[in-house]
$ cat coords.txt   # compact mmCIF, C-alpha atoms and all ligand atoms
# COMPACT_ATOMS: atom_id res chain seq x y z
CA MET A 1 89.04 73.08 166.64
CA ARG A 2 86.05 74.55 168.37
CA TRP A 3 87.38 77.91 169.41
CA PRO A 4 88.00 79.38 165.95
CA ARG A 5 84.60 78.10 164.78
CA ILE A 6 82.81 79.87 167.56
CA THR A 7 84.78 83.00 166.67
CA THR A 8 83.65 82.68 163.07
CA VAL A 9 79.99 82.46 164.04
CA VAL A 10 80.28 85.51 166.29
CA LEU A 11 82.05 87.45 163.56
CA LEU A 12 79.42 86.52 161.00
CA LEU A 13 76.61 87.68 163.26
CA THR A 14 78.41 90.96 163.91
CA THR A 15 78.97 91.46 160.20
CA VAL A 16 75.30 90.86 159.43
CA SER A 17 74.13 93.37 162.00
CA ILE A 18 76.62 96.00 160.83
CA HIS A 19 75.49 95.59 157.23
CA THR A 20 71.86 95.91 158.24
CA SER A 21 72.49 99.13 160.11
CA LEU A 22 74.56 100.59 157.28
CA ALA A 23 71.83 99.74 154.81
CA GLN A 24 69.31 101.44 157.09
CA ASP A 25 71.56 104.48 157.34
CA LYS A 26 71.81 104.70 153.58
CA LEU A 27 68.04 104.40 153.30
CA ALA A 28 67.62 107.11 155.95
CA ALA A 29 69.96 109.41 154.08
CA LYS A 30 67.74 109.03 150.99
CA THR A 31 64.65 110.41 152.69
CA VAL A 32 63.71 114.08 152.67
CA LYS A 33 64.25 115.84 155.98
CA ALA A 34 63.24 119.26 157.27
CA VAL A 35 65.40 120.62 160.08
CA ARG A 36 64.00 123.59 162.02
CA PHE A 37 66.35 125.99 163.80
CA GLY A 38 65.43 128.92 166.06
CA LYS A 39 68.21 130.81 164.35
CA LEU A 40 70.48 129.87 161.45
CA TRP A 41 73.84 131.40 160.52
CA ASP A 42 74.41 130.29 156.95
CA GLY A 43 78.19 130.81 156.78
CA LYS A 44 77.84 133.51 154.13
CA GLY A 45 76.82 136.31 156.47
CA LYS A 46 73.05 135.78 156.66
CA VAL A 47 71.15 135.06 159.91
CA LEU A 48 67.63 133.66 159.58
CA THR A 49 65.08 133.38 162.38
CA ASN A 50 62.87 130.25 162.45
CA ALA A 51 64.76 128.72 159.55
CA ILE A 52 63.88 125.40 157.94
CA VAL A 53 66.60 123.54 156.06
CA VAL A 54 65.18 120.98 153.64
CA ILE A 55 67.54 118.10 152.96
CA ASP A 56 67.25 115.63 150.15
CA GLY A 57 69.56 112.64 150.61
CA GLY A 58 73.00 114.00 151.43
CA LYS A 59 72.44 117.51 150.10
CA ILE A 60 70.65 120.70 151.04
CA ARG A 61 67.70 121.39 148.74
CA THR A 62 66.33 124.68 150.10
CA ILE A 63 66.36 127.03 153.07
CA THR A 64 63.06 128.63 153.98
CA THR A 65 61.12 130.25 156.83
CA ASP A 66 57.78 129.14 155.41
CA ALA A 67 56.59 125.95 157.15
CA SER A 68 53.98 125.34 154.44
CA SER A 69 56.75 124.70 151.93
CA ILE A 70 58.03 121.60 153.77
CA PRO A 71 57.60 118.75 151.26
CA ALA A 72 54.83 116.26 152.15
CA GLY A 73 56.20 113.18 153.92
CA ALA A 74 59.43 114.87 155.01
CA GLU A 75 60.86 113.80 158.34
CA THR A 76 60.87 116.90 160.56
CA ILE A 77 63.62 117.43 163.12
CA ASP A 78 62.78 120.18 165.58
CA LEU A 79 65.86 122.08 166.74
CA SER A 80 64.03 125.36 167.27
CA LYS A 81 65.69 125.76 170.67
CA TYR A 82 69.09 125.97 168.97
CA THR A 83 71.22 127.96 166.55
CA GLY A 84 72.18 126.19 163.35
CA LEU A 85 75.61 126.46 161.74
CA PRO A 86 77.27 124.80 158.75
CA GLY A 87 79.28 121.69 159.68
CA LEU A 88 82.64 122.99 160.90
CA ILE A 89 85.98 122.30 159.22
CA ASP A 90 89.31 121.75 160.97
CA VAL A 91 92.13 122.25 158.44
CA HIS A 92 94.94 120.77 160.53
CA THR A 93 94.59 117.41 162.25
CA HIS A 94 96.55 114.18 162.69
CA MET A 95 93.67 111.74 163.07
CA THR A 96 95.83 108.62 162.87
CA PHE A 97 98.04 109.69 165.78
CA TYR A 98 95.15 108.92 168.07
CA THR A 99 95.95 107.41 171.39
CA ASP A 100 93.64 106.21 174.05
CA GLU A 101 94.74 106.60 177.64
CA THR A 102 96.19 103.35 178.91
CA PRO A 103 96.69 104.23 182.59
CA GLY A 104 100.33 104.74 183.55
CA VAL A 105 101.69 104.54 179.99
CA PRO A 106 102.90 107.84 178.44
CA LEU A 107 101.03 108.60 175.22
CA LEU A 108 104.28 108.82 173.25
CA LYS A 109 105.17 105.25 174.30
CA GLN A 110 101.74 104.00 173.24
CA LEU A 111 102.42 105.34 169.75
CA ALA A 112 105.98 104.04 169.49
CA ASN A 113 105.36 101.18 167.06
CA PRO A 114 101.76 101.24 165.94
CA VAL A 115 100.48 98.43 163.78
CA PRO A 116 98.60 100.41 161.10
CA ALA A 117 95.42 98.31 161.22
CA VAL A 118 95.22 98.66 165.00
CA GLU A 119 95.97 102.37 164.89
CA VAL A 120 93.27 103.05 162.28
CA PHE A 121 90.77 101.02 164.30
CA LEU A 122 91.56 102.97 167.49
CA ALA A 123 91.39 106.29 165.63
CA ARG A 124 87.65 105.86 165.16
CA LYS A 125 87.25 107.12 168.74
CA GLY A 126 89.11 110.35 167.97
CA ALA A 127 86.99 110.66 164.83
CA MET A 128 83.83 110.42 166.93
CA HIS A 129 85.08 113.04 169.40
CA THR A 130 85.82 115.32 166.45
CA LEU A 131 82.22 114.98 165.21
CA GLU A 132 80.99 115.72 168.74
CA ALA A 133 82.80 119.06 168.52
CA GLY A 134 80.72 119.91 165.44
CA VAL A 135 83.58 119.24 163.02
CA THR A 136 82.32 117.29 160.00
CA THR A 137 85.35 117.78 157.75
CA VAL A 138 89.09 117.76 158.40
CA ARG A 139 92.26 118.33 156.43
CA ASP A 140 94.63 115.75 157.91
CA LEU A 141 98.23 116.93 157.62
CA GLY A 142 100.57 114.00 158.12
CA ALA A 143 100.29 110.28 158.76
CA ASP A 144 102.47 107.19 158.60
CA GLN A 145 102.02 104.24 156.24
CA TYR A 146 99.05 105.88 154.49
CA MET A 147 96.80 105.19 157.45
CA ASP A 148 95.10 108.51 156.62
CA ILE A 149 94.15 107.24 153.16
CA ALA A 150 92.74 104.04 154.66
CA MET A 151 90.73 106.03 157.19
CA ARG A 152 89.44 108.53 154.64
CA ASP A 153 88.26 105.70 152.39
CA LEU A 154 86.62 103.74 155.22
CA ILE A 155 84.72 106.86 156.29
CA ASN A 156 83.66 107.62 152.71
CA ARG A 157 82.38 104.05 152.33
CA GLY A 158 80.33 104.35 155.51
CA GLU A 159 82.31 101.59 157.25
CA MET A 160 83.67 104.02 159.83
CA ILE A 161 81.90 107.00 161.37
CA GLY A 162 83.96 110.16 161.30
CA PRO A 163 84.49 113.50 159.66
CA ARG A 164 85.09 113.67 155.92
CA MET A 165 88.87 113.62 155.48
CA PHE A 166 91.18 115.33 153.00
CA VAL A 167 94.60 113.79 153.51
CA CYS A 168 98.27 114.26 152.55
CA GLY A 169 99.91 110.86 153.16
CA TYR A 170 103.47 111.55 154.30
CA GLY A 171 104.51 115.14 154.92
CA LEU A 172 107.83 115.96 153.24
CA TYR A 173 110.77 116.52 155.54
CA ILE A 174 114.56 116.69 155.38
CA THR A 175 116.87 113.89 156.51
CA ASN A 176 116.72 113.81 160.29
CA THR A 177 117.37 110.20 161.25
CA PRO A 178 119.91 109.79 164.05
CA TYR A 179 122.57 107.09 163.61
CA LYS A 180 121.44 103.60 164.48
CA PRO A 181 123.52 100.47 163.90
CA GLY A 182 122.25 98.11 161.23
CA LEU A 183 120.11 98.67 158.15
CA ASN A 184 117.93 101.78 158.38
CA PRO A 185 115.70 102.45 155.40
CA PRO A 186 114.73 106.13 155.22
CA ALA A 187 111.25 106.85 156.54
CA GLY A 188 108.57 107.80 154.03
CA GLY A 189 108.40 111.50 153.26
CA ILE A 190 112.14 112.18 153.56
CA ALA A 191 113.33 114.20 150.59
CA ASP A 192 116.48 116.27 150.15
CA GLY A 193 117.15 118.41 147.11
CA VAL A 194 114.85 119.32 144.23
CA PRO A 195 114.76 115.91 142.45
CA GLU A 196 113.88 114.08 145.67
CA VAL A 197 111.23 116.67 146.51
CA LEU A 198 109.65 116.13 143.09
CA ARG A 199 109.67 112.37 143.63
CA ALA A 200 108.17 112.64 147.12
CA VAL A 201 105.36 114.96 146.01
CA ARG A 202 104.56 112.70 143.05
CA GLN A 203 104.64 109.67 145.38
CA GLN A 204 102.00 111.17 147.71
CA ILE A 205 99.77 112.06 144.76
CA ALA A 206 100.16 108.57 143.28
CA ALA A 207 99.23 107.07 146.66
CA GLY A 208 95.98 109.05 146.64
CA ALA A 209 96.74 112.21 148.62
CA ASP A 210 94.31 115.12 148.32
CA VAL A 211 96.79 117.75 149.46
CA ILE A 212 100.57 118.07 149.95
CA LYS A 213 102.24 118.85 153.28
CA MET A 214 105.83 120.01 153.66
CA TYR A 215 107.71 120.61 156.91
CA GLY A 216 109.60 123.83 156.13
CA SER A 217 111.11 124.18 159.60
CA THR A 218 111.95 122.28 162.74
CA GLY A 219 109.49 122.40 165.62
CA THR A 220 106.89 119.86 166.74
CA ASP A 221 105.41 118.73 170.05
CA ASP A 222 107.50 120.15 172.94
CA ASP A 223 110.22 121.31 170.49
CA ILE A 224 109.47 124.92 169.53
CA THR A 225 112.64 125.64 167.54
CA GLY A 226 111.81 127.11 164.16
CA PHE A 227 114.94 126.63 162.04
CA GLU A 228 114.19 126.68 158.34
CA THR A 229 114.83 123.23 156.88
CA TYR A 230 114.07 123.45 153.16
CA THR A 231 115.55 126.01 150.79
CA PHE A 232 113.37 128.34 148.76
CA GLU A 233 114.17 126.28 145.63
CA GLU A 234 113.02 123.05 147.30
CA MET A 235 109.80 124.70 148.48
CA LYS A 236 109.16 126.16 145.02
CA ALA A 237 109.66 122.72 143.45
CA ALA A 238 107.13 121.19 145.87
CA VAL A 239 104.59 123.97 145.28
CA ASP A 240 104.90 123.85 141.50
CA THR A 241 104.59 120.05 141.37
CA ALA A 242 101.56 120.05 143.68
CA HIS A 243 99.87 122.77 141.61
CA GLN A 244 100.70 120.97 138.37
CA PHE A 245 98.40 118.17 139.64
CA SER A 246 95.77 120.65 140.96
CA LYS A 247 96.72 119.88 144.56
CA LYS A 248 97.10 122.52 147.21
CA ILE A 249 100.10 122.58 149.50
CA ALA A 250 100.40 123.39 153.20
CA ILE A 251 103.84 124.36 154.48
CA HIS A 252 104.67 123.99 158.17
CA SER A 253 106.98 126.57 159.70
CA TYR A 254 107.30 127.32 163.39
CA GLY A 255 109.67 130.22 162.76
CA PRO A 256 109.65 133.25 160.42
CA ASP A 257 112.29 132.16 157.89
CA GLY A 258 110.52 129.06 156.63
CA ALA A 259 107.26 131.05 156.49
CA ARG A 260 108.87 133.84 154.44
CA ASP A 261 110.19 131.41 151.82
CA ALA A 262 107.01 129.30 151.83
CA VAL A 263 104.87 132.37 151.08
CA ARG A 264 107.19 133.52 148.29
CA ALA A 265 107.26 129.98 146.89
CA GLY A 266 103.45 130.12 146.57
CA ALA A 267 102.24 127.82 149.35
CA ASP A 268 98.44 127.81 149.74
CA SER A 269 98.55 127.80 153.53
CA ILE A 270 101.17 128.43 156.18
CA GLU A 271 100.91 126.35 159.35
CA HIS A 272 101.94 127.55 162.84
CA ALA A 273 104.28 130.43 161.76
CA THR A 274 105.26 132.53 164.74
CA ASP A 275 107.19 135.84 164.60
CA MET A 276 106.50 136.44 160.90
CA ASP A 277 107.99 139.71 159.68
CA ASP A 278 105.79 142.51 158.35
CA ALA A 279 106.87 142.01 154.74
CA THR A 280 105.81 138.33 154.87
CA ILE A 281 102.47 139.24 156.44
CA ARG A 282 101.88 141.88 153.75
CA GLU A 283 102.77 139.35 151.06
CA MET A 284 100.27 136.82 152.50
CA ALA A 285 97.50 139.43 152.45
CA LYS A 286 98.37 140.35 148.87
CA ARG A 287 98.56 136.76 147.59
CA GLY A 288 95.61 135.45 149.62
CA THR A 289 97.81 132.88 151.40
CA PHE A 290 95.92 131.30 154.30
CA TYR A 291 97.36 131.44 157.81
CA VAL A 292 96.65 128.49 160.12
CA PRO A 293 98.33 129.57 163.37
CA THR A 294 97.38 126.53 165.53
CA ILE A 295 97.71 128.55 168.75
CA ASP A 296 95.72 126.19 170.94
CA HIS A 297 97.82 123.05 170.39
CA ASN A 298 100.56 124.39 172.67
CA ARG A 299 97.90 125.00 175.34
CA TYR A 300 96.93 121.33 174.93
CA TYR A 301 100.57 120.23 175.27
CA ILE A 302 100.96 122.30 178.45
CA ASP A 303 97.80 120.79 179.96
CA ASN A 304 98.76 117.22 179.00
CA GLY A 305 102.57 117.14 178.72
CA ASP A 306 103.17 114.89 181.71
CA LYS A 307 100.63 112.39 180.43
CA ILE A 308 102.14 112.60 176.94
CA GLY A 309 105.63 111.99 178.34
CA TYR A 310 107.54 115.21 177.54
CA ALA A 311 110.83 115.83 179.38
CA PRO A 312 110.70 118.41 182.19
CA GLY A 313 111.02 122.05 181.12
CA TYR A 314 108.41 121.88 178.36
CA LYS A 315 105.85 124.00 180.22
CA GLU A 316 107.99 127.12 180.41
CA ARG A 317 109.07 126.79 176.77
CA LEU A 318 105.56 126.32 175.43
CA GLN A 319 104.10 128.98 177.71
CA ALA A 320 106.55 131.50 176.25
CA PHE A 321 105.68 130.49 172.69
CA ILE A 322 101.91 131.05 172.95
CA PRO A 323 101.95 134.89 173.33
CA ARG A 324 104.30 135.17 170.32
CA ASN A 325 101.98 132.93 168.30
CA LEU A 326 98.96 135.04 169.37
CA GLU A 327 100.75 138.32 168.63
CA THR A 328 101.64 137.13 165.11
CA ALA A 329 97.99 136.19 164.60
CA ARG A 330 96.87 139.61 165.82
CA LYS A 331 99.22 141.36 163.36
CA ALA A 332 98.20 139.13 160.48
CA HIS A 333 94.49 139.63 161.14
CA LYS A 334 94.96 143.39 161.27
CA ALA A 335 96.85 143.28 157.98
CA GLY A 336 93.96 141.47 156.27
CA VAL A 337 95.46 137.97 156.04
CA LYS A 338 92.89 135.19 155.57
CA PHE A 339 92.73 132.66 158.41
CA ALA A 340 91.51 129.08 158.67
CA MET A 341 90.90 127.11 161.86
CA GLY A 342 93.42 124.34 162.42
CA SER A 343 93.72 122.60 165.77
CA ASP A 344 96.73 120.37 165.08
CA ALA A 345 94.75 117.80 167.09
CA ILE A 346 96.76 114.73 167.99
CA TYR A 347 96.82 112.15 170.85
CA THR A 348 93.78 112.91 173.03
CA MET A 349 93.05 116.43 171.72
CA PHE A 350 90.17 115.32 169.50
CA GLY A 351 86.98 117.00 170.65
CA GLU A 352 88.85 120.18 171.56
CA ASN A 353 89.22 121.10 167.87
CA THR A 354 87.29 124.37 168.03
CA ARG A 355 89.10 125.85 171.02
CA GLU A 356 91.28 127.62 168.45
CA LEU A 357 88.32 129.93 167.77
CA GLY A 358 88.65 131.39 171.28
CA TRP A 359 92.22 132.45 170.46
CA PHE A 360 91.05 134.02 167.20
CA VAL A 361 88.64 136.24 169.12
CA LYS A 362 91.53 137.14 171.46
CA ALA A 363 93.54 138.05 168.33
CA GLY A 364 90.90 140.63 167.41
CA MET A 365 88.27 138.77 165.37
CA THR A 366 84.55 139.12 165.92
CA PRO A 367 82.83 135.80 166.68
CA GLU A 368 81.47 135.82 163.13
CA GLN A 369 84.95 136.31 161.62
CA ALA A 370 86.17 133.45 163.80
CA LEU A 371 83.31 131.22 162.60
CA ARG A 372 84.25 131.94 159.00
CA THR A 373 87.72 130.49 159.61
CA ALA A 374 86.03 127.14 160.31
CA THR A 375 83.45 127.36 157.52
CA THR A 376 83.73 129.39 154.30
CA ASN A 377 87.46 130.15 154.66
CA ALA A 378 88.31 126.56 155.54
CA ALA A 379 86.27 125.32 152.56
CA GLU A 380 88.34 127.62 150.34
CA VAL A 381 91.54 126.11 151.78
CA LEU A 382 90.24 122.73 150.60
CA GLY A 383 89.11 124.09 147.23
CA LYS A 384 85.57 122.95 148.16
CA GLU A 385 83.91 126.34 148.60
CA LYS A 386 80.95 125.31 146.42
CA GLU A 387 80.14 122.20 148.50
CA LEU A 388 81.24 122.82 152.07
CA GLY A 389 81.32 125.55 154.71
CA ALA A 390 77.86 127.02 154.16
CA VAL A 391 74.18 126.19 154.49
CA ALA A 392 73.02 126.80 150.93
CA PRO A 393 71.12 124.93 148.19
CA GLY A 394 73.26 122.21 146.59
CA TYR A 395 75.77 122.12 149.44
CA LEU A 396 76.46 118.90 151.37
CA ALA A 397 74.01 118.50 154.25
CA ASP A 398 76.42 119.10 157.14
CA LEU A 399 74.76 120.97 160.02
CA VAL A 400 75.48 121.69 163.65
CA ALA A 401 73.02 122.76 166.37
CA ILE A 402 74.43 124.92 169.16
CA GLU A 403 72.76 126.01 172.37
CA GLY A 404 73.20 129.78 172.70
CA ASP A 405 74.21 132.54 170.32
CA PRO A 406 77.63 131.92 168.75
CA LEU A 407 77.63 135.38 167.14
CA ALA A 408 77.53 136.93 170.62
CA ASP A 409 79.78 134.45 172.42
CA ILE A 410 82.17 132.13 170.58
CA ASN A 411 82.48 129.92 173.68
CA VAL A 412 79.08 128.34 173.04
CA VAL A 413 80.60 126.73 169.93
CA LEU A 414 83.35 125.23 172.09
CA ASN A 415 81.02 123.95 174.81
CA ASN A 416 77.42 123.60 173.62
CA VAL A 417 77.28 121.41 170.51
CA LYS A 418 74.00 119.52 170.81
CA TRP A 419 73.44 117.82 167.50
CA VAL A 420 75.44 117.17 164.33
CA MET A 421 74.42 116.04 160.84
CA LYS A 422 76.86 114.91 158.17
CA ASP A 423 75.83 114.10 154.59
CA GLY A 424 72.18 114.21 155.66
CA ALA A 425 72.59 111.63 158.45
CA VAL A 426 72.45 112.51 162.17
CA VAL A 427 75.82 111.54 163.67
CA VAL A 428 75.61 113.22 167.10
CA ASP A 429 72.53 113.86 169.23
CA ARG A 430 73.28 115.19 172.69
CA ARG A 431 70.02 117.03 173.28
CA GLY A 432 69.20 116.58 176.92
CA SER A 433 72.86 116.07 177.86
CA PRO A 434 74.66 118.74 179.90
CA ALA A 435 77.26 121.03 178.26
CA ARG A 436 80.48 119.23 177.25
ZN ZN A 501 100.55 119.26 162.56

$ encode --input "coords.txt" --output "structure tokens"
Amino acid sequence: MRWPRITTVVLLLTTVSIHTSLAQDKLAAKTVKAVRFGKLWDGKGKVLTNAIVVIDGGKIRTITTDASSIPAGAETIDLSKYTGLPGLIDVHTHMTFYTDETPGVPLLKQLANPVPAVEVFLARKGAMHTLEAGVTTVRDLGADQYMDIAMRDLINRGEMIGPRMFVCGYGLYITNTPYKPGLNPPAGGIADGVPEVLRAVRQQIAAGADVIKMYGSTGTDDDITGFETYTFEEMKAAVDTAHQFSKKIAIHSYGPDGARDAVRAGADSIEHATDMDDATIREMAKRGTFYVPTIDHNRYYIDNGDKIGYAPGYKERLQAFIPRNLETARKAHKAGVKFAMGSDAIYTMFGENTRELGWFVKAGMTPEQALRTATTNAAEVLGKEKELGAVAPGYLADLVAIEGDPLADINVVLNNVKWVMKDGAVVVDRRGSPAR
């Protein structure tokens, strides 16, 4: 049979060239680099003019303004036209729900029955768009069939280019399967009652999850209902089990009731949460619970709902939800609640991850406070505040170059990412290209 043989030869050649380039990448990451920025915001509140970041392998060795201290033989990268920032972190994505745009086919239909291997392969495009937005790390909050674990591991091995992923496997949710004739095994992640919640949390940890996700209310996509689904006792059981294994837990709640019980149960972050009452907001500030309001994802749904395939009427519903979401964020910010940037990116939203920062400024943050939600604060959400979210000695060498001054205008972060480094390797170089 000739045809398979030819295929084999082609595959072998491809494999060889991929291995060569990966080996070269690894070699490149071992060299010492000196990256010069016109201005550098280090994530911890310092701004340096004419900064030089010296990188050794995948880590930052020093930050200096003295050109004579660049080690001999270092590869110099001149970004003196730009402002440097730490690699950004998006704490709420769904990387494996990536869909390309097949013309004429609603995005929801394209995702109806994904074969995991195909879906993970396609998701590399969304991963690349995410890097292009300056996001070098994500917390991925919900995937099917452990595609998130596969993707995280492929990226960590250098076999796929994408942001560093911290993943949750299946998010926990209550029974919600409509009747269908025949045998219907429950989908992964379904758990009702304390014993099943314990089992489901332990299952995600055993599968290799970095973090636990629980859906504490209804509401997703064009559905903005926010009925509490889990009881306080079920949430408490999930939180305690996650913490017992040193894992953090994110609890989704569109409405105020799920958020109130999630905060009291000790969740580390509350996702979406609109219309939270003052007592819950005060409790979050007191406990240090992070708020990830994901305001921009409804804007994305409004802009793309027809393409996605939502039933008519979604625009009005979602449009009414956004001001309530923003108002809750404004109240929470005023009350001293800690925020982290989460886009809830899904479908074709990858690359728009940082638009959330624009909403944060509308909610009353300074551009610098907004930037912290995607750097130091987000690193704290991951429990990685000594490795990620700042440009400092010993931190992972994740850097972004922006055209313009992000401390004066947050929009330059959304539109003018020019260059991105992850783990000491350049992953995006758009110098010379127009604004995105
Ligand atoms: Zn989500």

$ atom_distance --input "coords.txt" --atom1 "CA of Pro116 in chain A" --atom2 "CA of Thr99 in chain A"
12.7 Å

$ residues_near_point --input "coords.txt" --point "(112.5, 109.4, 158.7)" --cutoff "7 Å" --atoms "only C-alpha atoms" --output "JSON, numbers by chain"
{"A": [175, 176, 177, 186, 187, 188, 190]}

$ closest_residue --input "coords.txt" --among "A:Lys39, A:Lys384, A:Lys331, A:Lys247" --to "Asp277 in chain A" --atoms "only C-alpha atoms"
A:Lys331

$ residues_near_ligand --input "coords.txt" --ligand "ligand ZN 501 (chain A)" --cutoff "10 Å" --atoms "only C-alpha atoms and all ligand atoms" --output "list of chain:residue names"
A:Val91, A:His92, A:Thr93, A:His94, A:Asp140, A:Leu141, A:Gly142, A:Ala143, A:Gly171, A:Lys213, A:Tyr215, A:Gly219, A:Thr220, A:Asp221, A:His252, A:Glu271, A:His272, A:Thr294, A:His297, A:Gly342, A:Ser343, A:Asp344, A:Ala345, A:Ile346

$ atom_distance --input "coords.txt" --atom1 "CA of Asn156 in chain A" --atom2 "CA of Ala112 in chain A"
28.2 Å

$ closest_residue --input "coords.txt" --among "A:Lys248, A:Arg124, A:Arg152, A:Arg264" --to "Met235 in chain A" --atoms "only C-alpha atoms"
A:Arg264

$ closest_residue --input "coords.txt" --among "A:Gly58, A:Gly258, A:Gly313, A:Gly208" --to "Gly169 in chain A" --atoms "only C-alpha atoms"
A:Gly208

$ residues_around --input "coords.txt" --residues "Gly383 in chain A" --least-positions-apart "4" --cutoff "12 Å" --atoms "only C-alpha atoms" --output "number ranges by chain"
A: 91, 139, 166, 210-211, 246-249, 268-269, 376-379, 387-389

$ residues_around --input "coords.txt" --residues "range 409-421 of chain A" --least-positions-apart "6" --cutoff "9 Å" --atoms "only C-alpha atoms" --output "MDAnalysis selection string"
chainID A and resid 79 82 87 131:136 352:355 357:358 361 366:368 370:371 397:403 427:436

$ residues_around --input "coords.txt" --residues "Leu108 in chain A" --least-positions-apart "5" --cutoff "10 Å" --atoms "only C-alpha atoms" --output "PyMOL selection string"
chain A and resi 97+99+113+307-310+347

$ closest_residue --input "coords.txt" --among "A:Glu380, A:Thr241, A:Val32, A:Asp306" --to "Ala72 in chain A" --atoms "all atoms listed in the file"
A:Val32

$ closest_residue --input "coords.txt" --among "A:Ala332, A:Ile251, A:Leu107, A:Leu396" --to "Asp423 in chain A" --atoms "all atoms listed in the file"
A:Leu396

$ atom_distance --input "coords.txt" --atom1 "CA of Leu407 in chain A" --atom2 "CA of Thr62 in chain A"
23.1 Å

$ residues_around --input "coords.txt" --residues "Tyr98 in chain A" --least-positions-apart "3" --cutoff "7 Å" --atoms "all atoms listed in the file" --output "ChimeraX atom specification"
/A:95,122-123,126,346-348

$ residues_around --input "coords.txt" --residues "Pro323 in chain A" --least-positions-apart "3" --cutoff "12 Å" --atoms "all atoms listed in the file" --output "NGL selection string"
:A and (274-275 or 293 or 295-296 or 298-299 or 317-320 or 326-330 or 359 or 362-363)
